[in-house]
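Asker: Structure supplied as upload_12.txt; contents: compact mmCIF, C-alpha atoms and all ligand atoms.
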# COMPACT_ATOMS: atom_id res chain seq x y z
CA MET P 1 -2.88 -5.01 11.68
CA ASN P 2 -2.98 -6.27 8.08
CA ASN P 3 -6.21 -5.46 6.23
CA MET P 4 -7.73 -3.93 9.33
CA ILE P 5 -8.45 -0.50 10.53
CA ASP P 6 -8.01 0.11 14.20
CA LEU P 7 -8.67 3.72 15.11
CA LYS P 8 -6.41 3.74 18.15
CA GLU P 9 -3.48 1.82 16.71
CA GLY P 10 -3.68 3.03 13.11
CA SER P 11 -3.76 0.85 10.03
CA PHE P 12 -2.04 0.30 6.75
CA PHE P 13 -4.04 3.31 5.58
CA GLU P 14 -1.84 5.47 7.81
CA ASN P 15 -1.21 7.89 5.02
CA VAL P 16 1.44 10.39 6.09
CA LYS P 17 4.69 9.25 7.70
CA LEU P 18 8.21 10.58 8.11
CA SER P 19 10.98 8.20 7.06
CA ALA P 20 13.21 6.89 9.88
CA ASP P 21 15.95 9.44 9.08
CA GLU P 22 13.24 12.17 8.83
CA LYS P 23 14.52 13.27 5.42
CA GLU P 24 11.46 12.14 3.42
CA ILE P 25 7.70 11.95 3.72
CA ILE P 26 6.08 8.63 2.87
CA ILE P 27 2.49 8.63 1.61
CA ILE P 28 0.16 6.21 -0.12
CA ASP P 29 -0.60 7.55 -3.60
CA GLN P 30 -4.36 7.93 -3.22
CA THR P 31 -4.87 8.38 -6.96
CA GLN P 32 -3.97 4.70 -7.42
CA LEU P 33 -6.39 3.28 -4.85
CA PRO P 34 -8.16 0.91 -4.60
CA ASN P 35 -6.31 -1.11 -7.22
CA ASN P 36 -2.68 -0.47 -6.32
CA ILE P 37 -1.03 0.37 -3.03
CA VAL P 38 1.91 2.51 -4.04
CA TYR P 39 4.05 4.35 -1.49
CA LEU P 40 5.73 7.59 -2.54
CA HIS P 41 8.89 8.89 -0.85
CA LEU P 42 9.01 12.65 -1.27
CA ASN P 43 11.39 15.44 -0.31
CA GLN P 44 11.62 17.77 -3.33
CA LEU P 45 9.55 20.96 -3.44
CA GLU P 46 7.96 20.28 -6.83
CA ASP P 47 7.05 16.69 -5.91
CA LEU P 48 5.51 17.84 -2.63
CA TYR P 49 3.52 20.56 -4.42
CA GLN P 50 2.33 18.14 -7.11
CA ALA P 51 1.35 15.51 -4.51
CA ILE P 52 -1.17 17.98 -3.07
CA LYS P 53 -2.27 19.38 -6.42
CA LYS P 54 -2.81 15.95 -8.02
CA LEU P 55 -4.57 14.62 -4.88
CA GLN P 56 -1.97 11.92 -4.20
CA ILE P 57 -2.48 13.25 -0.69
CA ARG P 58 -5.87 14.79 -0.04
CA GLY P 59 -8.51 15.55 2.58
CA ALA P 60 -8.24 18.77 4.57
CA PRO P 61 -6.54 17.47 7.77
CA ALA P 62 -4.15 15.18 5.85
CA ILE P 63 -3.11 18.10 3.63
CA GLY P 64 -2.32 20.10 6.78
CA ILE P 65 -0.22 17.29 8.29
CA PHE P 66 1.57 16.79 4.99
CA ALA P 67 2.27 20.54 4.67
CA GLY P 68 3.89 20.65 8.13
CA TYR P 69 6.16 17.72 7.33
CA SER P 70 6.88 19.15 3.86
CA MET P 71 8.36 22.29 5.35
CA TYR P 72 10.39 20.19 7.78
CA VAL P 73 11.97 17.98 5.09
CA LEU P 74 12.61 21.01 2.86
CA ILE P 75 14.28 23.25 5.44
CA GLN P 76 16.65 20.48 6.52
CA GLN P 77 18.14 20.86 3.04
CA TYR P 78 19.27 24.45 3.68
CA ASP P 79 19.93 24.51 7.40
CA ASN P 80 23.50 25.72 6.79
CA LEU P 81 22.31 29.16 5.58
CA PRO P 82 22.41 32.28 7.72
CA PHE P 83 18.97 33.11 9.14
CA GLU P 84 18.07 35.85 6.66
CA LYS P 85 18.76 33.71 3.61
CA PHE P 86 17.19 30.70 5.31
CA TYR P 87 13.99 32.66 5.99
CA GLN P 88 13.85 34.02 2.42
CA LYS P 89 13.96 30.48 1.07
CA PHE P 90 11.53 29.27 3.72
CA SER P 91 9.00 31.98 2.72
CA LYS P 92 9.29 31.14 -0.97
CA ASP P 93 8.76 27.40 -0.37
CA LYS P 94 5.88 28.09 1.99
CA GLU P 95 4.11 30.36 -0.51
CA TYR P 96 4.55 27.82 -3.28
CA LEU P 97 3.11 24.96 -1.24
CA ASN P 98 0.28 27.20 -0.09
CA SER P 99 -0.68 27.87 -3.73
CA SER P 100 -1.21 24.15 -4.46
CA ARG P 101 -4.89 24.09 -3.41
CA PRO P 102 -6.95 27.08 -2.26
CA THR P 103 -10.02 25.77 -0.41
CA ALA P 104 -8.94 23.64 2.57
CA VAL P 105 -7.83 26.04 5.29
CA ASN P 106 -5.71 23.39 7.04
CA LEU P 107 -2.96 23.88 4.45
CA MET P 108 -2.39 27.53 5.35
CA TRP P 109 -3.05 26.83 9.03
CA ALA P 110 -0.26 24.23 9.25
CA LEU P 111 2.21 26.29 7.20
CA ASN P 112 1.58 29.31 9.44
CA ARG P 113 2.21 27.24 12.56
CA ILE P 114 5.61 26.16 11.23
CA GLU P 115 6.42 29.75 10.26
CA GLN P 116 5.54 30.93 13.74
CA VAL P 117 8.14 28.54 15.21
CA VAL P 118 10.75 29.87 12.78
CA LEU P 119 10.02 33.51 13.65
CA GLU P 120 9.75 32.98 17.39
CA ASN P 121 13.20 31.35 17.42
CA LYS P 122 14.98 33.51 14.88
CA ASP P 123 17.77 34.34 17.34
CA LYS P 124 18.70 30.68 17.67
CA ASP P 125 21.00 28.65 15.48
CA VAL P 126 19.27 27.68 12.19
CA LYS P 127 19.83 23.95 12.83
CA GLU P 128 18.00 24.37 16.15
CA ILE P 129 15.17 26.23 14.40
CA VAL P 130 14.85 23.31 11.99
CA ARG P 131 14.73 20.85 14.87
CA LEU P 132 11.97 22.86 16.57
CA ALA P 133 10.03 23.09 13.28
CA GLY P 134 10.22 19.29 13.06
CA LEU P 135 8.80 18.96 16.56
CA LYS P 136 5.94 21.28 15.58
CA ALA P 137 5.19 19.22 12.45
CA LYS P 138 5.00 16.07 14.60
CA GLU P 139 2.80 17.91 17.09
CA ILE P 140 0.37 18.89 14.30
CA HIS P 141 0.14 15.21 13.35
CA ARG P 142 -0.26 14.00 16.94
CA GLU P 143 -2.92 16.64 17.64
CA ASP P 144 -4.88 15.57 14.58
CA LYS P 145 -4.94 11.97 15.79
CA GLU P 146 -6.22 13.10 19.18
CA MET P 147 -8.81 15.40 17.62
CA CYS P 148 -10.05 12.65 15.31
CA LEU P 149 -10.51 10.19 18.19
CA LYS P 150 -12.60 12.74 20.09
CA ILE P 151 -14.64 13.54 16.96
CA CYS P 152 -15.28 9.81 16.54
CA GLU P 153 -16.63 9.59 20.12
CA TYR P 154 -18.87 12.65 19.74
CA GLY P 155 -20.05 11.45 16.33
CA LEU P 156 -20.85 8.00 17.69
CA SER P 157 -22.99 9.59 20.42
CA LEU P 158 -25.35 10.73 17.62
CA LEU P 159 -25.83 7.21 16.25
CA LYS P 160 -27.77 4.16 17.32
CA ASP P 161 -27.35 0.55 16.35
CA GLY P 162 -28.86 -0.22 12.95
CA ASP P 163 -28.85 3.39 11.69
CA GLY P 164 -28.70 4.13 7.96
CA VAL P 165 -26.01 6.71 7.31
CA LEU P 166 -25.29 8.61 4.10
CA THR P 167 -21.81 10.01 3.55
CA HIS P 168 -20.12 11.95 0.78
CA CYS P 169 -16.48 12.06 -0.37
CA ASN P 170 -13.83 10.46 1.83
CA THR P 171 -13.21 11.36 5.45
CA GLY P 172 -11.49 8.27 6.81
CA PRO P 173 -7.91 7.59 7.91
CA LEU P 174 -6.70 8.35 4.38
CA ALA P 175 -8.03 11.91 4.51
CA THR P 176 -7.33 12.56 8.17
CA SER P 177 -5.06 10.81 10.60
CA ARG P 178 -7.84 8.67 12.07
CA GLY P 179 -11.18 9.65 10.51
CA THR P 180 -13.81 12.35 10.93
CA ALA P 181 -17.18 11.80 9.22
CA ILE P 182 -16.70 8.05 8.77
CA GLY P 183 -14.57 7.67 11.90
CA PRO P 184 -17.62 7.16 14.16
CA LEU P 185 -18.85 4.40 11.83
CA ILE P 186 -15.54 2.54 12.14
CA LEU P 187 -15.41 3.10 15.90
CA GLY P 188 -19.03 1.97 16.24
CA LYS P 189 -18.26 -1.24 14.35
CA GLN P 190 -15.40 -1.95 16.77
CA ARG P 191 -17.93 -1.59 19.59
CA GLY P 192 -20.47 -3.94 18.04
CA TYR P 193 -22.82 -1.51 16.28
CA ASP P 194 -24.17 -2.42 12.86
CA PHE P 195 -24.76 0.53 10.57
CA LYS P 196 -25.99 0.53 6.99
CA VAL P 197 -23.81 3.07 5.24
CA PHE P 198 -24.53 4.54 1.80
CA ALA P 199 -21.45 6.11 0.20
CA ASN P 200 -21.93 8.62 -2.59
CA GLU P 201 -19.43 7.86 -5.36
CA THR P 202 -18.44 11.56 -5.36
CA ARG P 203 -17.93 12.64 -8.96
CA PRO P 204 -15.66 13.49 -10.63
CA LEU P 205 -12.69 11.98 -8.76
CA LEU P 206 -14.64 9.21 -7.05
CA GLN P 207 -13.22 9.58 -3.55
CA GLY P 208 -16.37 7.90 -2.24
CA ALA P 209 -16.26 4.94 -4.62
CA ARG P 210 -12.50 4.41 -4.51
CA LEU P 211 -11.58 5.32 -0.93
CA THR P 212 -14.59 5.42 1.42
CA THR P 213 -15.93 2.03 0.38
CA LEU P 214 -12.41 0.58 0.66
CA GLU P 215 -11.89 1.89 4.18
CA LEU P 216 -15.36 0.85 5.36
CA GLN P 217 -15.03 -2.60 3.78
CA LYS P 218 -11.66 -3.09 5.50
CA ALA P 219 -13.26 -2.05 8.78
CA GLY P 220 -16.10 -4.56 8.26
CA VAL P 221 -18.80 -1.87 8.01
CA ASP P 222 -21.83 -2.65 5.81
CA VAL P 223 -21.40 -0.16 2.95
CA THR P 224 -23.38 0.30 -0.26
CA LEU P 225 -22.00 2.41 -3.08
CA ILE P 226 -24.42 4.75 -4.86
CA CYS P 227 -24.01 7.38 -7.57
CA ASP P 228 -24.37 10.96 -6.32
CA ASN P 229 -27.72 11.36 -8.06
CA MET P 230 -29.15 8.43 -6.09
CA ALA P 231 -28.95 10.24 -2.76
CA SER P 232 -32.54 11.42 -3.09
CA ILE P 233 -34.07 7.99 -3.68
CA VAL P 234 -32.32 6.38 -0.70
CA MET P 235 -33.56 9.19 1.54
CA LYS P 236 -37.06 8.94 0.08
CA ASN P 237 -37.00 5.17 0.69
CA GLY P 238 -36.47 5.91 4.36
CA TRP P 239 -33.08 4.19 4.44
CA ILE P 240 -31.16 7.17 5.82
CA ASP P 241 -31.43 8.22 9.48
CA ILE P 242 -28.55 10.67 9.44
CA CYS P 243 -25.98 12.20 7.06
CA PHE P 244 -22.32 12.61 8.07
CA VAL P 245 -20.06 14.73 5.85
CA GLY P 246 -16.66 16.37 6.27
CA CYS P 247 -15.52 19.96 5.82
CA ASP P 248 -12.64 21.79 4.18
CA ARG P 249 -13.26 25.27 5.54
CA ILE P 250 -15.91 26.42 8.01
CA ALA P 251 -16.68 30.14 7.91
CA ALA P 252 -17.48 32.10 11.08
CA ASN P 253 -21.23 32.04 10.34
CA GLY P 254 -21.30 28.25 9.84
CA ASP P 255 -21.34 28.16 6.03
CA PHE P 256 -18.88 25.44 5.08
CA ALA P 257 -17.01 24.27 2.02
CA ASN P 258 -16.76 20.56 1.40
CA LYS P 259 -16.43 18.29 -1.61
CA ILE P 260 -18.63 19.29 -4.53
CA GLY P 261 -22.08 17.77 -4.05
CA THR P 262 -22.22 18.24 -0.27
CA SER P 263 -24.69 21.13 -0.57
CA MET P 264 -26.92 18.88 -2.70
CA VAL P 265 -26.91 16.27 0.08
CA ALA P 266 -27.77 18.99 2.63
CA ILE P 267 -30.67 20.32 0.54
CA LEU P 268 -32.05 16.79 0.16
CA ALA P 269 -31.60 16.10 3.87
CA LYS P 270 -33.62 19.20 4.71
CA HIS P 271 -36.34 18.18 2.24
CA TYR P 272 -36.63 14.69 3.72
CA GLY P 273 -36.20 15.81 7.35
CA VAL P 274 -32.95 13.89 7.84
CA PRO P 275 -30.39 15.42 10.26
CA ILE P 276 -27.06 16.30 8.70
CA TYR P 277 -23.81 16.90 10.57
CA SER P 278 -20.44 18.09 9.33
CA LEU P 279 -17.54 16.52 11.25
CA GLY P 280 -14.08 18.05 11.39
CA PRO P 281 -11.34 19.36 13.68
CA THR P 282 -11.34 23.00 14.82
CA SER P 283 -8.29 23.47 12.56
CA THR P 284 -10.86 23.56 9.74
CA ILE P 285 -12.68 26.57 11.20
CA ASP P 286 -11.57 29.87 9.68
CA MET P 287 -12.83 32.63 11.98
CA ASN P 288 -11.27 35.20 9.62
CA CYS P 289 -13.70 34.13 6.93
CA PRO P 290 -17.09 35.75 7.68
CA ASN P 291 -19.24 33.56 5.41
CA GLY P 292 -19.25 31.19 2.46
CA GLU P 293 -19.06 34.03 -0.07
CA HIS P 294 -15.44 34.52 0.98
CA ILE P 295 -14.32 30.93 0.45
CA GLU P 296 -12.26 30.44 -2.67
CA ILE P 297 -13.49 27.44 -4.64
CA GLU P 298 -10.86 25.44 -6.48
CA LEU P 299 -11.57 24.91 -10.18
CA ARG P 300 -9.99 21.83 -11.70
CA ASP P 301 -9.19 20.57 -15.18
CA SER P 302 -12.01 19.74 -17.62
CA SER P 303 -10.46 16.37 -18.41
CA GLU P 304 -11.54 15.11 -14.97
CA ILE P 305 -15.17 15.37 -16.12
CA ALA P 306 -14.87 14.65 -19.83
CA GLU P 307 -12.23 11.93 -20.04
CA LYS P 308 -11.06 10.48 -16.78
CA TRP P 309 -12.24 6.94 -15.87
CA TYR P 310 -13.45 6.24 -19.42
CA GLU P 311 -11.76 4.09 -22.02
CA LYS P 312 -12.48 6.86 -24.50
CA PRO P 313 -13.42 10.48 -23.77
CA MET P 314 -17.16 10.52 -23.03
CA ALA P 315 -17.83 14.11 -24.10
CA PRO P 316 -17.31 15.76 -27.48
CA LYS P 317 -13.76 17.08 -27.92
CA GLY P 318 -13.44 20.68 -26.79
CA VAL P 319 -16.77 20.79 -24.93
CA LYS P 320 -16.85 23.48 -22.26
CA CYS P 321 -16.73 22.00 -18.75
CA TYR P 322 -17.20 23.57 -15.33
CA ASN P 323 -15.38 21.58 -12.67
CA PRO P 324 -15.55 23.15 -9.20
CA SER P 325 -13.93 20.87 -6.64
CA PHE P 326 -16.00 22.08 -3.67
CA ASP P 327 -19.29 23.76 -2.91
CA VAL P 328 -20.46 25.79 0.05
CA THR P 329 -23.33 24.49 2.15
CA ASP P 330 -25.47 27.21 3.68
CA HIS P 331 -25.38 27.09 7.48
CA ASN P 332 -29.20 27.07 7.57
CA LEU P 333 -29.20 23.56 6.12
CA LEU P 334 -26.94 22.02 8.74
CA THR P 335 -27.99 20.35 12.00
CA GLY P 336 -24.60 20.69 13.68
CA PHE P 337 -20.81 20.54 13.53
CA VAL P 338 -19.02 17.74 15.36
CA THR P 339 -15.59 18.92 16.52
CA GLU P 340 -13.06 17.59 19.01
CA LYS P 341 -14.40 20.17 21.47
CA GLY P 342 -17.97 18.92 21.22
CA ILE P 343 -21.07 19.26 19.04
CA VAL P 344 -21.91 22.78 17.92
CA TYR P 345 -25.54 23.66 17.22
CA PRO P 346 -27.08 26.88 15.81
CA PRO P 347 -26.76 29.80 16.12
CA PHE P 348 -23.40 28.95 14.56
CA ASP P 349 -22.06 32.50 14.47
CA VAL P 350 -22.34 32.61 18.29
CA ASN P 351 -21.45 29.03 19.13
CA LEU P 352 -18.44 28.58 16.81
CA LYS P 353 -16.86 31.65 18.39
CA LYS P 354 -17.27 30.10 21.86
CA LEU P 355 -14.97 27.20 20.82
CA PHE P 356 -12.05 29.64 20.70
CA GLU P 357 -12.88 31.54 23.86
CA GLU P 358 -11.78 29.00 26.48
O1 LIG P 401 -10.61 17.17 -2.98
P1 LIG P 401 -10.46 16.39 -1.72
O2 LIG P 401 -10.54 14.92 -1.95
O3 LIG P 401 -9.25 16.81 -0.94
O4 LIG P 401 -11.72 16.80 -0.86
C1 LIG P 401 -11.87 16.26 0.41
C2 LIG P 401 -13.13 16.62 1.07
O5 LIG P 401 -13.92 17.40 0.60
C3 LIG P 401 -13.36 16.03 2.42
O6 LIG P 401 -14.70 15.79 2.64
C4 LIG P 401 -12.84 17.03 3.44
O7 LIG P 401 -11.50 17.35 3.18
C5 LIG P 401 -12.93 16.55 4.78
S1 LIG P 401 -11.70 15.29 5.05
C6 LIG P 401 -11.91 14.83 6.56
Could you quickly redo this structure as structure tokens?
Ligand code: MRU
Answerer:
Amino acid sequence: MNNMIDLKEGSFFENVKLSADEKEIIIIDQTQLPNNIVYLHLNQLEDLYQAIKKLQIRGAPAIGIFAGYSMYVLIQQYDNLPFEKFYQKFSKDKEYLNSSRPTAVNLMWALNRIEQVVLENKDKDVKEIVRLAGLKAKEIHREDKEMCLKICEYGLSLLKDGDGVLTHCNTGPLATSRGTAIGPLILGKQRGYDFKVFANETRPLLQGARLTTLELQKAGVDVTLICDNMASIVMKNGWIDICFVGCDRIAANGDFANKIGTSMVAILAKHYGVPIYSLGPTSTIDMNCPNGEHIEIELRDSSEIAEKWYEKPMAPKGVKCYNPSFDVTDHNLLTGFVTEKGIVYPPFDVNLKKLFEE
């Protein structure tokens, strides 16, 4: 498997793993890619919190998987407590992890699923509760792999050989278990398709430049790196047939939060008449959130804009910076959502609801 990405079998980019004794989570520190491949072994609350906050682990589905495993490795450390004390500690740890990043709904979704197991089994021995929570964490991971593979198939059905595809941020096996928005490009390559992919660098943390190009290169996909402000010219040149982006939270009306700059891509796509799809698992849909106005947008440190990646700070000391990590794309700009249950077209308020009715 070295240096290869195989969507079915996984790859060295497999980013969230439990150690053999299930006491630690092993991740690749994504802040060090592409230059260094550093594995972190984590099992302390503060380290787990910081891993999410600092984006050592990132991407909505991967954050969810990581959160499930985090609770599992933490609660093993106090499985000798009586249930009441155990649950108090569980709730505190859960709330703390949940406060690490506000926008991606998968974090809360996974933590709630683990909590549900704890509450449904509260009459059992605490060690047994911990065992069942571990099974749930593994199930969340397994489900994500299955969902990704279906998303890849549905996404690929929208593409034809030779297509030019624009993507933003990183949505491959590092951000999910197998890939969402760039998953179909990797799957297509395995089936003999040749796409011409343009990857936005994705300022300010360069997930596109550092991670997407790395994954696509490893998969043998033809990828060209562009700065975010070059998206318009490549569309105007006629090089883009379709845009594939991810999602961090989809509201009930189809507005969706994704990496900052996604709404700019969607506005350009509408202007140039290019279809744009957002690809993600149904775990990213938040039916309790009526529209994009209700999505909390994470604000991050100024230094990411003013200093990071430069040998010297590139902005005057003390300059005011505004650094939102996500933006909300209006549902009117989107062609469709690609989920593991199929492709959802407008009207999104009606059709997203149907996904949960079966
Ligand atoms: O801040 P990040 O790197 O966690 O943001 C990630 C994104 O916005 C992705 O596009 C999104 O999570 C979808 S990942 C499949």
Asker: Could you give me the residues within 6 Å of ligand LIG 401 (chain P), counting all atoms listed in the file, as a list in words?
Answerer: Arg58, Gly59, Ala60, Cys169, Asn170, Thr171, Ala175, Thr176, Thr180, Gly246, Cys247, Asp248, Asn258 and Lys259 of chain P
Asker: Excluding Tyr277 of chain P and its own-chain neighbours fewer than 3 positions away, which residues fall within 6 Å of it when counting all atoms listed in the file? Please give them as a count of residues only.
Answerer: 4
Asker: Would you mind reading off the distance between atom CA of Tyr87 of chain P and atom CA of Val16 of chain P, one decimal, in Å?
Answerer: 25.6 Å
Asker: Pick from P:Pro34, P:Gly134, P:Pro102, P:Pro347: nearest to Ile52 of chain P, with only C-alpha atoms counted?
Answerer: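 For Ile52 of chain P, the nearest of the candidates is P:Pro102.
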Asker: Using all atoms listed in the file, find the one residue out of P:Ser177, P:Thr103, P:Ser157, P:Gln207 that sits nearest to Ala257 of chain P.
Answerer: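 The closest residue to Ala257 of chain P is P:Thr103.
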Asker: Please identify all polymer residues within 9 Å of segment 322-331 of chain P, counting all atoms listed in the file, omitting same-chain residues fewer than 6 positions from it, and present them as a PyMOL selection string.
Answerer: chain P and resi 103+204+248+253-264+266-267+292-293+295+297-302+304-305+346+348
Asker: Taking into account all atoms listed in the file, which residue in the set P:Tyr78, P:Met71, P:Val319, P:His168 is nearest to Leu132 of chain P?
Answerer: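 Closest candidate: P:Met71.
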Asker: Interatomic distance between atom CA of Asp79 of chain P and atom CA of Val126 of chain P?
Answerer: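 Value for the atom CA of Asp79 of chain P-atom CA of Val126 of chain P distance: 5.8 Å.
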Asker: Which of these, P:Val274, P:Ala306, P:Met108, P:Ala252, has the shortest distance to Val350 of chain P once you count only C-alpha atoms?
Answerer: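 Counting only C-alpha atoms, the residue closest to Val350 of chain P is P:Ala252.
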Asker: May I ask for the distance between atom CA of Asp123 of chain P and atom CA of Asn80 of chain P, given in Å to one decimal place?
Answerer: 14.8 Å
Asker: So which one's closest to Arg142 of chain P, P:Cys227, P:Ile65, P:Leu158, P:Val245? Using all atoms listed in the file, please.
Answerer: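 Between P:Cys227, P:Ile65, P:Leu158, P:Val245, the residue approaching Arg142 of chain P most closely is P:Ile65.
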Asker: Which residue is closest to Gln56 of chain P? Choose from P:Asn288, P:Gln77, P:Thr212, P:Gln32 and count all atoms listed in the file.
Answerer: P:Gln32
Asker: Could you list, as a ChimeraX atom specification, every residue within 9 Å of Cys152 of chain P, counting only C-alpha atoms and ignoring same-chain residues fewer than 3 positions away?
Answerer: /P:147-149,155-157,178-188,279,338,340
Asker: Tell me which protein, DNA and RNA residues are within 8 Å of Ala209 of chain P, counting only C-alpha atoms, leaving out same-chain ones fewer than 5 positions away, and put them as number ranges by chain.
Answerer: P: 199-202, 214, 225
Asker: List the spatial neighbours of Cys243 of chain P as a VMD selection string - criterion: any atom at most 8 Å away, only C-alpha atoms, same-chain residues fewer than 3 positions off excluded.
Answerer: chain P and resid 165 to 167 240 269 274 to 277
